[in-house]
Each structure stands twice: as structure tokens, then as C-alpha cells.
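Colleague: Input entry-v9.csv, format and content: CSV, C-alpha atoms and all ligand atoms.
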```
chain,number,residue,atom,x,y,z
A,1,MET,CA,22.6,2.0,2.6
A,2,LYS,CA,22.6,-1.6,1.3
A,3,ASP,CA,21.3,-4.8,2.7
A,4,GLN,CA,23.3,-8.1,2.6
A,5,PHE,CA,22.1,-8.8,-0.9
A,6,GLY,CA,23.3,-5.4,-2.2
A,7,ARG,CA,19.7,-3.9,-2.4
A,8,GLY,CA,19.7,-0.2,-1.6
A,9,ILE,CA,17.1,0.7,1.0
A,10,GLU,CA,15.7,4.1,0.6
A,11,TYR,CA,11.9,3.6,1.0
A,12,LEU,CA,10.0,3.3,4.3
A,13,ARG,CA,6.3,2.4,4.5
A,14,ILE,CA,4.8,3.8,7.7
A,15,SER,CA,1.6,2.4,9.1
A,16,VAL,CA,-0.2,5.1,11.2
A,17,THR,CA,-3.0,2.9,12.3
A,18,ASP,CA,-4.2,-0.7,12.1
A,19,ARG,CA,-7.8,0.4,12.1
A,20,CYS,CA,-10.0,0.9,9.1
A,21,ASN,CA,-13.4,2.2,8.0
A,22,PHE,CA,-13.6,-0.7,5.4
A,23,ARG,CA,-13.7,-4.4,5.9
A,24,CYS,CA,-12.4,-5.5,2.5
A,25,VAL,CA,-13.1,-9.2,1.9
A,26,TYR,CA,-9.4,-10.0,1.2
A,27,CYS,CA,-8.0,-8.0,4.1
A,28,MET,CA,-9.9,-8.2,7.4
A,29,PRO,CA,-12.9,-10.0,9.0
A,30,GLU,CA,-16.2,-8.2,9.0
A,31,HIS,CA,-16.1,-7.7,12.8
A,32,GLY,CA,-12.6,-6.2,12.6
A,33,LEU,CA,-9.4,-7.4,14.2
A,34,ASP,CA,-7.9,-7.1,17.7
A,35,TRP,CA,-6.9,-3.5,17.4
A,36,LEU,CA,-3.7,-2.3,19.0
A,37,PRO,CA,-4.2,-0.3,22.2
A,38,LYS,CA,-3.8,3.4,21.6
A,39,THR,CA,-0.8,3.6,24.0
A,40,ASP,CA,1.1,1.1,21.8
A,41,ILE,CA,0.8,3.2,18.7
A,42,LEU,CA,3.5,5.6,17.8
A,43,SER,CA,2.6,9.3,18.2
A,44,TYR,CA,3.2,11.6,15.2
A,45,GLU,CA,6.2,13.0,17.1
A,46,GLU,CA,7.6,9.5,17.5
A,47,ILE,CA,7.1,8.6,13.9
A,48,THR,CA,8.9,11.8,12.9
A,49,GLU,CA,11.8,11.0,15.2
A,50,VAL,CA,12.2,7.5,13.6
A,51,VAL,CA,12.4,9.1,10.2
A,52,ARG,CA,14.7,11.8,11.4
A,53,GLN,CA,17.1,9.2,12.7
A,54,LEU,CA,16.9,7.0,9.6
A,55,ALA,CA,17.2,9.7,6.9
A,56,PRO,CA,21.0,10.2,7.3
A,57,LEU,CA,21.4,6.5,6.5
A,58,GLY,CA,19.8,6.9,3.1
A,59,LEU,CA,16.1,7.0,3.6
A,60,ARG,CA,14.6,9.2,0.9
A,61,ARG,CA,11.0,8.2,0.3
A,62,LEU,CA,8.0,7.6,2.6
A,63,ARG,CA,4.6,6.0,2.1
A,64,ILE,CA,1.9,6.6,4.7
A,65,THR,CA,-0.4,3.6,5.0
A,66,GLY,CA,-2.4,1.5,7.5
A,67,GLY,CA,-5.1,0.2,8.1
A,68,GLU,CA,-6.7,3.3,6.7
A,69,PRO,CA,-4.4,6.3,7.4
A,70,THR,CA,-7.0,9.0,6.7
A,71,ILE,CA,-9.1,7.9,9.7
A,72,ARG,CA,-6.3,8.9,12.1
A,73,PRO,CA,-7.0,12.5,13.2
A,74,GLU,CA,-4.8,15.4,12.0
A,75,LEU,CA,-3.0,13.3,9.4
A,76,THR,CA,-2.0,16.6,7.7
A,77,SER,CA,0.1,17.5,10.8
A,78,LEU,CA,2.2,14.3,10.4
A,79,ILE,CA,2.7,15.0,6.7
A,80,ARG,CA,3.9,18.6,7.5
A,81,MET,CA,6.3,17.2,10.2
A,82,LEU,CA,7.8,14.6,7.8
A,83,LYS,CA,8.1,17.0,4.9
A,84,ALA,CA,10.3,19.3,7.1
A,85,ILE,CA,12.9,16.6,7.5
A,86,PRO,CA,15.9,17.3,5.3
A,87,ASP,CA,16.6,14.5,2.8
A,88,ILE,CA,13.0,13.3,2.6
A,89,GLU,CA,12.3,13.8,-1.1
A,90,ASP,CA,8.9,12.2,-1.6
A,91,ILE,CA,5.9,11.4,0.5
A,92,ALA,CA,3.1,9.2,-0.8
A,93,LEU,CA,-0.2,8.0,0.8
A,94,SER,CA,-2.1,4.7,0.3
A,95,THR,CA,-5.8,5.1,1.0
A,96,ASN,CA,-9.2,3.6,0.2
A,97,GLY,CA,-10.1,7.1,-1.0
A,98,VAL,CA,-13.3,7.6,1.1
A,99,LYS,CA,-11.9,10.8,2.7
A,100,LEU,CA,-10.0,12.1,-0.3
A,101,PRO,CA,-12.6,14.5,-1.6
A,102,GLU,CA,-12.3,16.5,1.7
A,103,LEU,CA,-8.6,15.7,2.5
A,104,ALA,CA,-6.8,15.8,-0.9
A,105,ALA,CA,-6.3,19.6,-0.9
A,106,PRO,CA,-5.1,20.0,2.8
A,107,LEU,CA,-2.8,16.9,2.5
A,108,ARG,CA,-1.3,18.4,-0.7
A,109,ALA,CA,-0.9,21.8,1.1
A,110,ALA,CA,0.9,20.0,4.0
A,111,GLY,CA,3.4,18.4,1.6
A,112,LEU,CA,2.0,15.1,0.4
A,113,ASP,CA,3.3,14.4,-3.1
A,114,ARG,CA,1.2,11.6,-4.5
A,115,VAL,CA,-1.4,9.0,-3.7
A,116,ASN,CA,-2.4,5.4,-4.3
A,117,ILE,CA,-6.2,4.8,-4.2
A,118,SER,CA,-7.4,1.2,-3.6
A,119,ALA,CA,-10.4,0.6,-5.9
A,120,ASP,CA,-11.8,-2.8,-6.5
A,121,SER,CA,-15.0,-1.9,-8.3
A,122,LEU,CA,-16.5,1.0,-10.2
A,123,ARG,CA,-20.1,-0.3,-9.5
A,124,PRO,CA,-21.6,1.3,-6.3
A,125,GLU,CA,-23.3,-1.9,-5.1
A,126,ARG,CA,-20.2,-4.0,-5.6
A,127,ILE,CA,-17.9,-1.4,-3.9
A,128,ALA,CA,-20.0,-1.8,-0.8
A,129,GLN,CA,-20.1,-5.6,-1.1
A,130,ILE,CA,-16.3,-5.9,-1.3
A,131,ALA,CA,-15.6,-3.2,1.3
A,132,ARG,CA,-18.6,-4.5,3.5
A,133,ARG,CA,-19.2,-0.9,4.4
A,134,ASN,CA,-21.2,1.6,2.4
A,135,PHE,CA,-20.2,5.3,2.3
A,136,ALA,CA,-21.9,6.0,-1.0
A,137,PHE,CA,-18.5,7.0,-2.3
A,138,HIS,CA,-16.9,6.4,-5.8
A,139,PRO,CA,-13.2,5.9,-6.4
A,140,VAL,CA,-13.3,8.0,-9.6
A,141,ASP,CA,-14.4,11.0,-7.4
A,142,ALA,CA,-11.5,10.3,-5.1
A,143,ALA,CA,-9.1,10.2,-8.0
A,144,ARG,CA,-10.5,13.4,-9.5
A,145,ALA,CA,-10.1,15.1,-6.1
A,146,ALA,CA,-6.5,13.9,-5.9
A,147,SER,CA,-5.7,15.1,-9.4
A,148,ALA,CA,-7.4,18.5,-8.8
A,149,ALA,CA,-5.4,19.0,-5.6
A,150,GLY,CA,-2.2,18.5,-7.6
A,151,LEU,CA,-1.2,15.1,-6.2
A,152,ASP,CA,0.8,13.4,-8.9
A,153,PRO,CA,1.0,10.7,-9.9
A,154,VAL,CA,-2.4,9.3,-9.0
A,155,LYS,CA,-2.5,5.5,-9.0
A,156,MET,CA,-5.5,3.2,-8.6
A,157,ASN,CA,-4.8,-0.2,-7.1
A,158,VAL,CA,-7.2,-3.0,-8.1
A,159,VAL,CA,-7.1,-6.4,-6.3
A,160,VAL,CA,-8.5,-8.7,-9.0
A,161,MET,CA,-10.6,-11.6,-7.8
A,162,ARG,CA,-11.9,-14.2,-10.2
A,163,GLY,CA,-15.7,-14.3,-10.2
A,164,ILE,CA,-15.9,-11.3,-8.0
A,165,ASN,CA,-14.6,-8.3,-9.9
A,166,ASP,CA,-12.6,-9.7,-12.8
A,167,ASP,CA,-15.4,-8.7,-15.2
A,168,GLU,CA,-14.4,-5.0,-14.5
A,169,ILE,CA,-10.8,-5.4,-15.7
A,170,GLU,CA,-11.6,-3.8,-19.0
A,171,ASP,CA,-13.6,-1.0,-17.4
A,172,PHE,CA,-10.7,-0.1,-15.2
A,173,ALA,CA,-8.3,-0.2,-18.1
A,174,ARG,CA,-10.6,2.1,-20.1
A,175,LEU,CA,-10.3,4.7,-17.3
A,176,THR,CA,-6.7,5.3,-18.5
A,177,LEU,CA,-7.8,6.3,-22.0
A,178,GLU,CA,-9.1,9.7,-20.8
A,179,ASN,CA,-7.4,10.2,-17.4
A,180,PRO,CA,-3.7,10.5,-16.7
A,181,TRP,CA,-4.0,7.9,-13.9
A,182,HIS,CA,-2.0,4.7,-13.4
A,183,VAL,CA,-4.4,1.8,-12.9
A,184,ARG,CA,-2.5,-1.1,-11.3
A,185,PHE,CA,-3.9,-4.6,-11.1
A,186,ILE,CA,-2.6,-6.5,-8.1
A,187,GLU,CA,-2.7,-10.3,-7.8
A,188,LEU,CA,-4.6,-11.4,-4.7
A,189,MET,CA,-2.3,-12.6,-2.0
A,190,PRO,CA,-3.1,-15.4,0.5
A,191,VAL,CA,-2.8,-13.2,3.6
A,192,GLY,CA,-5.0,-12.2,6.6
A,193,ASP,CA,-8.5,-13.3,6.9
A,194,MET,CA,-9.6,-14.0,3.3
A,195,ALA,CA,-13.3,-14.7,3.9
A,196,ASN,CA,-14.0,-17.4,1.3
A,197,LEU,CA,-11.2,-16.5,-1.1
A,198,THR,CA,-8.8,-19.2,-2.3
A,199,PHE,CA,-6.0,-19.5,-4.8
A,200,GLU,CA,-8.7,-20.1,-7.4
A,201,HIS,CA,-9.7,-16.4,-7.1
A,202,VAL,CA,-6.2,-15.3,-8.2
A,203,VAL,CA,-6.1,-14.0,-11.7
A,204,PRO,CA,-2.5,-14.2,-13.0
A,205,SER,CA,-1.2,-11.1,-14.7
A,206,ASP,CA,-0.5,-12.8,-18.0
A,207,GLU,CA,-4.2,-13.6,-18.3
A,208,LEU,CA,-5.2,-10.1,-17.2
A,209,LEU,CA,-3.0,-8.4,-19.9
A,210,ALA,CA,-4.4,-10.8,-22.5
A,211,ARG,CA,-7.9,-9.6,-21.6
A,212,ILE,CA,-7.0,-6.0,-21.7
A,213,SER,CA,-5.4,-6.4,-25.1
A,214,THR,CA,-8.9,-7.2,-26.5
A,215,ILE,CA,-9.9,-3.5,-26.1
A,216,GLY,CA,-6.8,-2.0,-27.7
A,217,ALA,CA,-3.2,-2.5,-28.5
A,218,LEU,CA,-1.0,-2.6,-25.4
A,219,THR,CA,2.6,-1.6,-25.4
A,220,PRO,CA,5.2,-1.7,-22.6
A,221,SER,CA,5.5,1.8,-21.1
A,222,ALA,CA,7.7,3.6,-18.7
A,223,GLY,CA,5.0,4.1,-16.0
A,224,PRO,CA,4.8,7.1,-13.7
A,225,ALA,CA,7.9,9.3,-13.2
A,226,LYS,CA,7.8,8.8,-9.5
A,227,GLY,CA,7.4,5.6,-7.4
A,228,ASN,CA,7.6,2.9,-10.0
A,229,GLY,CA,7.9,0.3,-7.3
A,230,PRO,CA,7.3,-3.3,-8.3
A,231,ALA,CA,4.8,-2.8,-11.1
A,232,ALA,CA,5.4,-3.5,-14.8
A,233,TYR,CA,3.6,-0.9,-16.9
A,234,HIS,CA,1.8,-0.9,-20.3
A,235,ARG,CA,-0.2,1.7,-22.2
A,236,LEU,CA,-3.2,1.4,-24.4
A,237,ALA,CA,-2.7,3.1,-27.8
A,238,GLY,CA,-3.4,6.9,-27.3
A,239,ALA,CA,-4.1,6.6,-23.6
A,240,ALA,CA,-3.4,9.4,-21.1
A,241,GLY,CA,-2.6,7.0,-18.3
A,242,THR,CA,-0.9,3.6,-17.9
A,243,ILE,CA,-1.8,0.1,-16.8
A,244,GLY,CA,0.4,-1.7,-14.3
A,245,VAL,CA,0.5,-5.2,-13.0
A,246,ILE,CA,1.9,-6.2,-9.7
A,247,THR,CA,2.5,-9.9,-9.4
A,248,PRO,CA,3.6,-11.0,-5.9
A,249,MET,CA,2.3,-14.5,-6.7
A,250,SER,CA,3.2,-15.3,-10.3
A,251,HIS,CA,6.5,-13.4,-10.5
A,252,THR,CA,8.2,-12.2,-7.4
A,253,TYR,CA,10.2,-9.0,-7.4
A,254,CYS,CA,12.1,-9.5,-4.2
A,255,GLY,CA,15.4,-9.1,-6.0
A,256,THR,CA,14.8,-5.4,-6.5
A,257,CYS,CA,13.0,-4.8,-3.2
A,258,ASN,CA,14.0,-1.4,-1.9
A,259,ARG,CA,11.6,-1.1,1.0
A,260,VAL,CA,11.1,-1.6,4.7
A,261,ARG,CA,8.0,-1.1,6.9
A,262,LEU,CA,7.3,0.5,10.2
A,263,THR,CA,4.2,-0.9,11.9
A,264,ALA,CA,1.7,1.3,13.8
A,265,ASP,CA,3.2,0.0,17.1
A,266,GLY,CA,6.8,0.8,16.0
A,267,ARG,CA,8.2,-2.4,14.7
A,268,LEU,CA,10.5,-2.4,11.7
A,269,ARG,CA,9.7,-5.2,9.2
A,270,THR,CA,12.3,-5.7,6.5
A,271,CYS,CA,10.0,-8.1,4.5
A,272,LEU,CA,6.2,-8.0,4.1
A,273,TYR,CA,6.1,-11.7,5.1
A,274,GLY,CA,8.4,-13.5,7.4
A,275,ASP,CA,8.6,-13.3,11.1
A,276,HIS,CA,11.5,-10.9,11.3
A,277,GLU,CA,10.7,-7.6,13.0
A,278,VAL,CA,12.7,-5.3,15.2
A,279,ASN,CA,11.0,-3.3,18.0
A,280,LEU,CA,12.0,0.4,17.6
A,281,ARG,CA,9.4,1.8,19.8
A,282,ASP,CA,10.8,0.7,23.2
A,283,PRO,CA,14.4,1.9,22.4
A,284,LEU,CA,12.9,5.1,21.0
A,285,ARG,CA,10.9,5.7,24.2
A,286,ALA,CA,13.9,4.9,26.3
A,287,GLY,CA,15.9,7.5,24.3
A,288,ASP,CA,18.3,5.0,22.7
A,289,PRO,CA,19.7,5.6,19.2
A,290,LEU,CA,17.9,3.6,16.5
A,291,GLU,CA,20.7,3.5,13.9
A,292,PRO,CA,22.4,0.3,15.2
A,293,LEU,CA,19.0,-1.5,15.3
A,294,PHE,CA,18.3,-0.4,11.7
A,295,ILE,CA,21.7,-1.6,10.5
A,296,LYS,CA,21.2,-5.0,12.2
A,297,ALA,CA,17.6,-5.3,10.8
A,298,LEU,CA,18.9,-4.6,7.3
A,299,ALA,CA,21.7,-7.2,7.6
A,300,GLU,CA,18.9,-9.7,8.3
A,301,LYS,CA,16.5,-8.7,5.5
A,302,PRO,CA,15.4,-11.9,3.9
A,303,LYS,CA,16.3,-12.7,0.3
A,304,GLU,CA,12.6,-13.2,-0.7
A,305,HIS,CA,9.2,-13.7,0.8
A,306,ASN,CA,7.7,-17.2,1.0
A,307,LEU,CA,4.1,-16.4,0.1
A,308,LEU,CA,3.9,-19.3,-2.4
A,309,GLN,CA,4.5,-21.8,0.4
A,310,MET,CA,1.8,-20.3,2.6
A,311,GLN,CA,-1.6,-21.6,3.4
A,312,VAL,CA,-4.5,-19.2,2.9
A,313,GLY,CA,-5.3,-17.4,6.1
A,314,GLY,CA,-1.9,-18.3,7.7
A,315,LEU,CA,-0.5,-14.8,7.7
A,316,ARG,CA,-1.2,-11.5,9.3
A,317,ALA,CA,-3.4,-9.1,7.3
A,318,LEU,CA,-1.7,-6.4,5.3
A,319,SER,CA,-3.6,-3.9,7.4
A,320,GLN,CA,-1.6,-5.2,10.4
A,321,VAL,CA,1.8,-5.1,8.8
A,322,GLY,CA,1.5,-1.8,6.9
A,323,GLY,CA,0.7,-3.2,3.5
B,1,LIG,N1,-6.3,1.2,3.6
B,1,LIG,C1,-5.4,1.6,2.6
B,1,LIG,C2,-5.8,1.0,1.2
B,1,LIG,O1,-6.7,0.2,1.2
B,1,LIG,O2,-5.2,1.4,0.3
B,1,LIG,C3,-4.0,1.2,2.9
B,1,LIG,C4,-3.7,-0.2,3.5
B,1,LIG,S1,-4.1,-1.6,2.5
B,1,LIG,C5,-3.7,-2.9,3.6
B,1,LIG,C6,-2.8,-1.5,1.3
B,1,LIG,C7,-3.1,-2.3,0.0
B,1,LIG,O3,-3.0,-3.7,0.3
B,1,LIG,C8,-4.4,-2.0,-0.7
B,1,LIG,O4,-4.1,-1.6,-2.0
B,1,LIG,C9,-5.1,-3.4,-0.6
B,1,LIG,O5,-5.9,-3.6,-1.8
B,1,LIG,C10,-3.9,-4.3,-0.6
B,1,LIG,N2,-4.3,-5.6,0.0
B,1,LIG,C11,-4.8,-5.9,1.2
B,1,LIG,N3,-5.0,-7.3,1.3
B,1,LIG,C12,-4.6,-7.8,0.1
B,1,LIG,C13,-4.5,-9.2,-0.4
B,1,LIG,N4,-5.0,-10.2,0.4
B,1,LIG,N5,-4.1,-9.4,-1.6
B,1,LIG,C14,-3.6,-8.3,-2.4
B,1,LIG,N6,-3.6,-7.0,-1.9
B,1,LIG,C15,-4.1,-6.8,-0.7
B,2,LIG,FE1,-9.0,-1.3,5.0
B,2,LIG,FE2,-7.2,-1.0,3.1
B,2,LIG,FE3,-7.6,-3.4,4.3
B,2,LIG,FE4,-9.5,-2.5,2.7
B,2,LIG,S1,-7.4,-3.0,2.1
B,2,LIG,S2,-9.8,-3.3,4.8
B,2,LIG,S3,-9.3,-0.3,3.0
B,2,LIG,S4,-6.8,-1.6,5.2
```
Would you write the structure of this file as C-alpha cells?
Modeller:
Amino acid sequence: MKDQFGRGIEYLRISVTDRCNFRCVYCMPEHGLDWLPKTDILSYEEITEVVRQLAPLGLRRLRITGGEPTIRPELTSLIRMLKAIPDIEDIALSTNGVKLPELAAPLRAAGLDRVNISADSLRPERIAQIARRNFAFHPVDAARAASAAGLDPVKMNVVVMRGINDDEIEDFARLTLENPWHVRFIELMPVGDMANLTFEHVVPSDELLARISTIGALTPSAGPAKGNGPAAYHRLAGAAGTIGVITPMSHTYCGTCNRVRLTADGRLRTCLYGDHEVNLRDPLRAGDPLEPLFIKALAEKPKEHNLLQMQVGGLRALSQVGG
């Protein structure tokens, strides 16, 4: 299944909720957003039906995201239903990690393959400041729980903000020395409600890698066996894990984009940013086939995003589009 630019599309990111137990400063306002009414949100059966109809067209890999997917009740039952669909080879989860210590093992037992944990600080006070919620939780405990449950690979995603957490770049990089985790630094994107963040808070990846090189020799590396996505990987000498950089701002990777997104209310988005989305929920509820809509949406997948032309605050938050 190819789009108009010859990019194969085999990867669907599924948002199961737009709600969250965090209020990360770069993602959503402290008071929250206008949440979708519950009746607008796809049921687990409806999500499964969308995937069942798209799998024969080439869909192979899924990522469950949000909002915070682990706050939706019975997430394990969705994983079990998706895992039972022939052709689906890989199911990943993006989470802030708060519920992983209790959920990692049941999610793995239900068929979850791997996990990305968002972790913007290793210092308890700062974790609470960035998340603007305090659950007395630590991302390293979440990553350990994920590894112990057999989720593999375990990736940690760090949004780097100058003057806020960039003094922890080296600490995050050091985690890879002893642990087989993939720590990925993500450039801040000018989306959603960014509190007081501006382009000045963006730390370009070249600067980031130069700083990590001060703690040890960095060499380009293959990265995790599964789900390499848009990151470029490196390894510190002798390290068990790798260091990735994801650079939506300083280098775009739209040319190799292999993904589409399903929002919690059942809209298919072929690009993270751009107005183009196709309503799958209403046809699904009316019993109409989704295949023609999917083919049409792919034909219109934009060549690249236009984040660099955007004003800060001018775009929907990643939590609303299934980031
Ligand atoms: N709640 C889950 C989590 O935090 O992993 C899943 C949804 S969250 C929207 C997905 C990813 O988007 C997280 O890794 C988060 O750090 C990232 N993200 C959100 N807003 C961002 C922004 N303005 N710039 C860069 N990354 C952002
Ligand atoms: Fe919630 Fe994830 Fe957004 Fe943070 S980044 S507010 S955890 S959806």
C-alpha cells in the first residue's frame, strides 16, 4: 500500500483517549482541554474493526497512544483484541509511565510487544513541575517494570527544553550505559498550548549530540531491532543501550514517513500537522466499508509537514491528534 509519493504505509497510531493524568508544559494547559464527549470516542470494538478492515491493505504495526492511553479502563482487552487480528505483527504503547509498574505485566500478557515511556526529568521535583501533576513516580521504575515484564525494546522519550531540563541530557545518556534502553531526545515542537515555551527553548540535535560526546565517544548505531521510526541512533562506547535523536524541527523526515493516525473520535490523519483528516467513525457506525476512504486519504497524504512555518500555539496539541 503506497501513497502518492511512493511511501509504503504500514503503521497506524491509534489514540484511545484525548484525556491525560499529566499536564505537561509543552502539551496541554494546566486546566486541561475541551475533552471529547464519551459518545464521540471509538469503542474498543470499533477500533478493532477499523484495524481489521485496514490490515488487508498492508497495515502491520500499531501504536496505542493518546492523551494517556493507560487511563482508559481495560486497555488490556483492546490489546488482546488487536493482537488477534491476522497480519498485525507488532503492537507498541506510548505512555507517561505512571501506571506501568502495575500494568506492564498484564499488557505484555495481553500481547503488547513494546513501549515508549515519556520522561522529561530524572529529578522528582522537576518531574512534577514539568508534568504539573505529582504521582511520586519515577520513569526509571516504569522502564524497569517494562523490561521485567518482557516488553522489548523499551524506549524513553525526552523532550528537551533549554533552561528547563537540558542540564539532564548527560544524565539521561548515562542511563544507556547500564540499561538496554533506547533513550531518545526529541526536539520541542511548536504545537498545542506551550505555556511560556518558545523557539528559544528548542535544543537542536547537533548541539545535543555534541554535549553527550563530552561524557564518552559516540558512534552511529543501528538502534532497536523493532520500530526504528524517525530517530537516528548512536551508542556510547560499551553502552548496553542506545541514544536516539528525533528532529522534527532541524531535519524533517517526512520523505520516509510510513505512518497514519487514528484520533480518539475516529478521524484518520495522514500527517501529524495539516488540516487533512477523514472521518471514519460515521461510515463505520453506518456499516459502510472503510477501504475506499483509506485509499482516498492516502492519495492525499501531504508530502511534508509545515511546522517550521507555524506560530507557537497555532496548532492542536499532540494529545488531541494522537501524537
Ligand atoms: N501520554 C503519552 C506520552 O506522554 O507518552 C502519549 C501521548 S504524548 C502526546 C506522545 C508524545 O508526544 C510524548 O513523547 C510527548 O513527549 C510528545 N510531545 C507532546 N507535545 C510535544 C511537543 N510540543 N514537542 C515535542 N514532543 C511533544
Ligand atoms: Fe499527557 Fe503525554 Fe501530553 Fe504529557 S505529553 S500531557 S503525558 S498526553
Colleague: Residues at most 12 Å from A:Tyr44, counting only C-alpha atoms, excluding those fewer than 6 positions away in the same chain, as a list in words?
Modeller: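 Once the nearby chain positions are removed, what remains is Ile14, Ser15, Val16, Thr17, Val50, Val51, Ile64, Arg72, Pro73, Glu74, Leu75, Thr76, Ser77, Leu78, Ile79, Arg80, Met81, Leu82, Ala264, Asp265 and Gly266 of chain A.
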Colleague: Throw together the list of residues within 7 Å of ligand LIG 2 (chain B), counting only C-alpha atoms and all ligand atoms, and drop it here as an MDAnalysis selection string.
Modeller: chainID A and resid 20:24 27:28 66:68 95:96 131 318:319
Colleague: Report the distance between atom CA of A:Val260 and atom CA of A:Gly111 in Å, rounded to one decimal place.
Modeller: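 Here the two named atoms are 21.7 Å from each other.
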Colleague: Between atom CA of A:Gly150 and atom CA of A:His182, measure the distance and give it in Å to one decimal.
Modeller: 15.0 Å
Colleague: Please provide as a PyMOL selection string all residues within 8 Å of stretch 165-172 of chain A, with the sequence filter that same-chain residues fewer than 6 positions apart are discarded (counting only C-alpha atoms).
Modeller: chain A and resi 120-122+183+203+208+211-212+215
Colleague: Which is closer to ligand LIG 1 (chain B) than all the others in A:Thr242, A:Ser213, A:Ser118, A:Gln129, using only C-alpha atoms and all ligand atoms?
Modeller: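 Smallest separation from ligand LIG 1 (chain B) among the options: A:Ser118.
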Colleague: Can you pull out the residues contacting A:Ile186? Cut-off 12 Å, using all atoms listed in the file, and skip same-chain residues under 5 positions away; I want them as a VMD selection string.
Modeller: chain A and resid 118 to 120 156 to 161 166 169 202 to 206 208 to 209 230 to 232 243 to 251
Colleague: Just to confirm, what's the straight-line distance from atom CA of A:Thr219 to atom CA of A:Leu236 in Å (one decimal)?
Modeller: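 Result for atom CA of A:Thr219 versus atom CA of A:Leu236: 6.6 Å, one decimal.
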Colleague: Rank A:Leu197, A:Leu59, A:Leu177, A:Leu188 by their smallest atom-to-atom distance to ligand LIG 1 (chain B), using all atoms listed in the file, and report the top residue only.
Modeller: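 Checking each candidate against ligand LIG 1 (chain B), we get A:Leu188 as the closest.
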Colleague: When you count all atoms listed in the file, which of these residues is closest to ligand LIG 1 (chain B): A:Ser43, A:Thr263, A:Thr176, A:Asn279?
Modeller: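 Under the stated criterion, the closest residue is A:Thr263.
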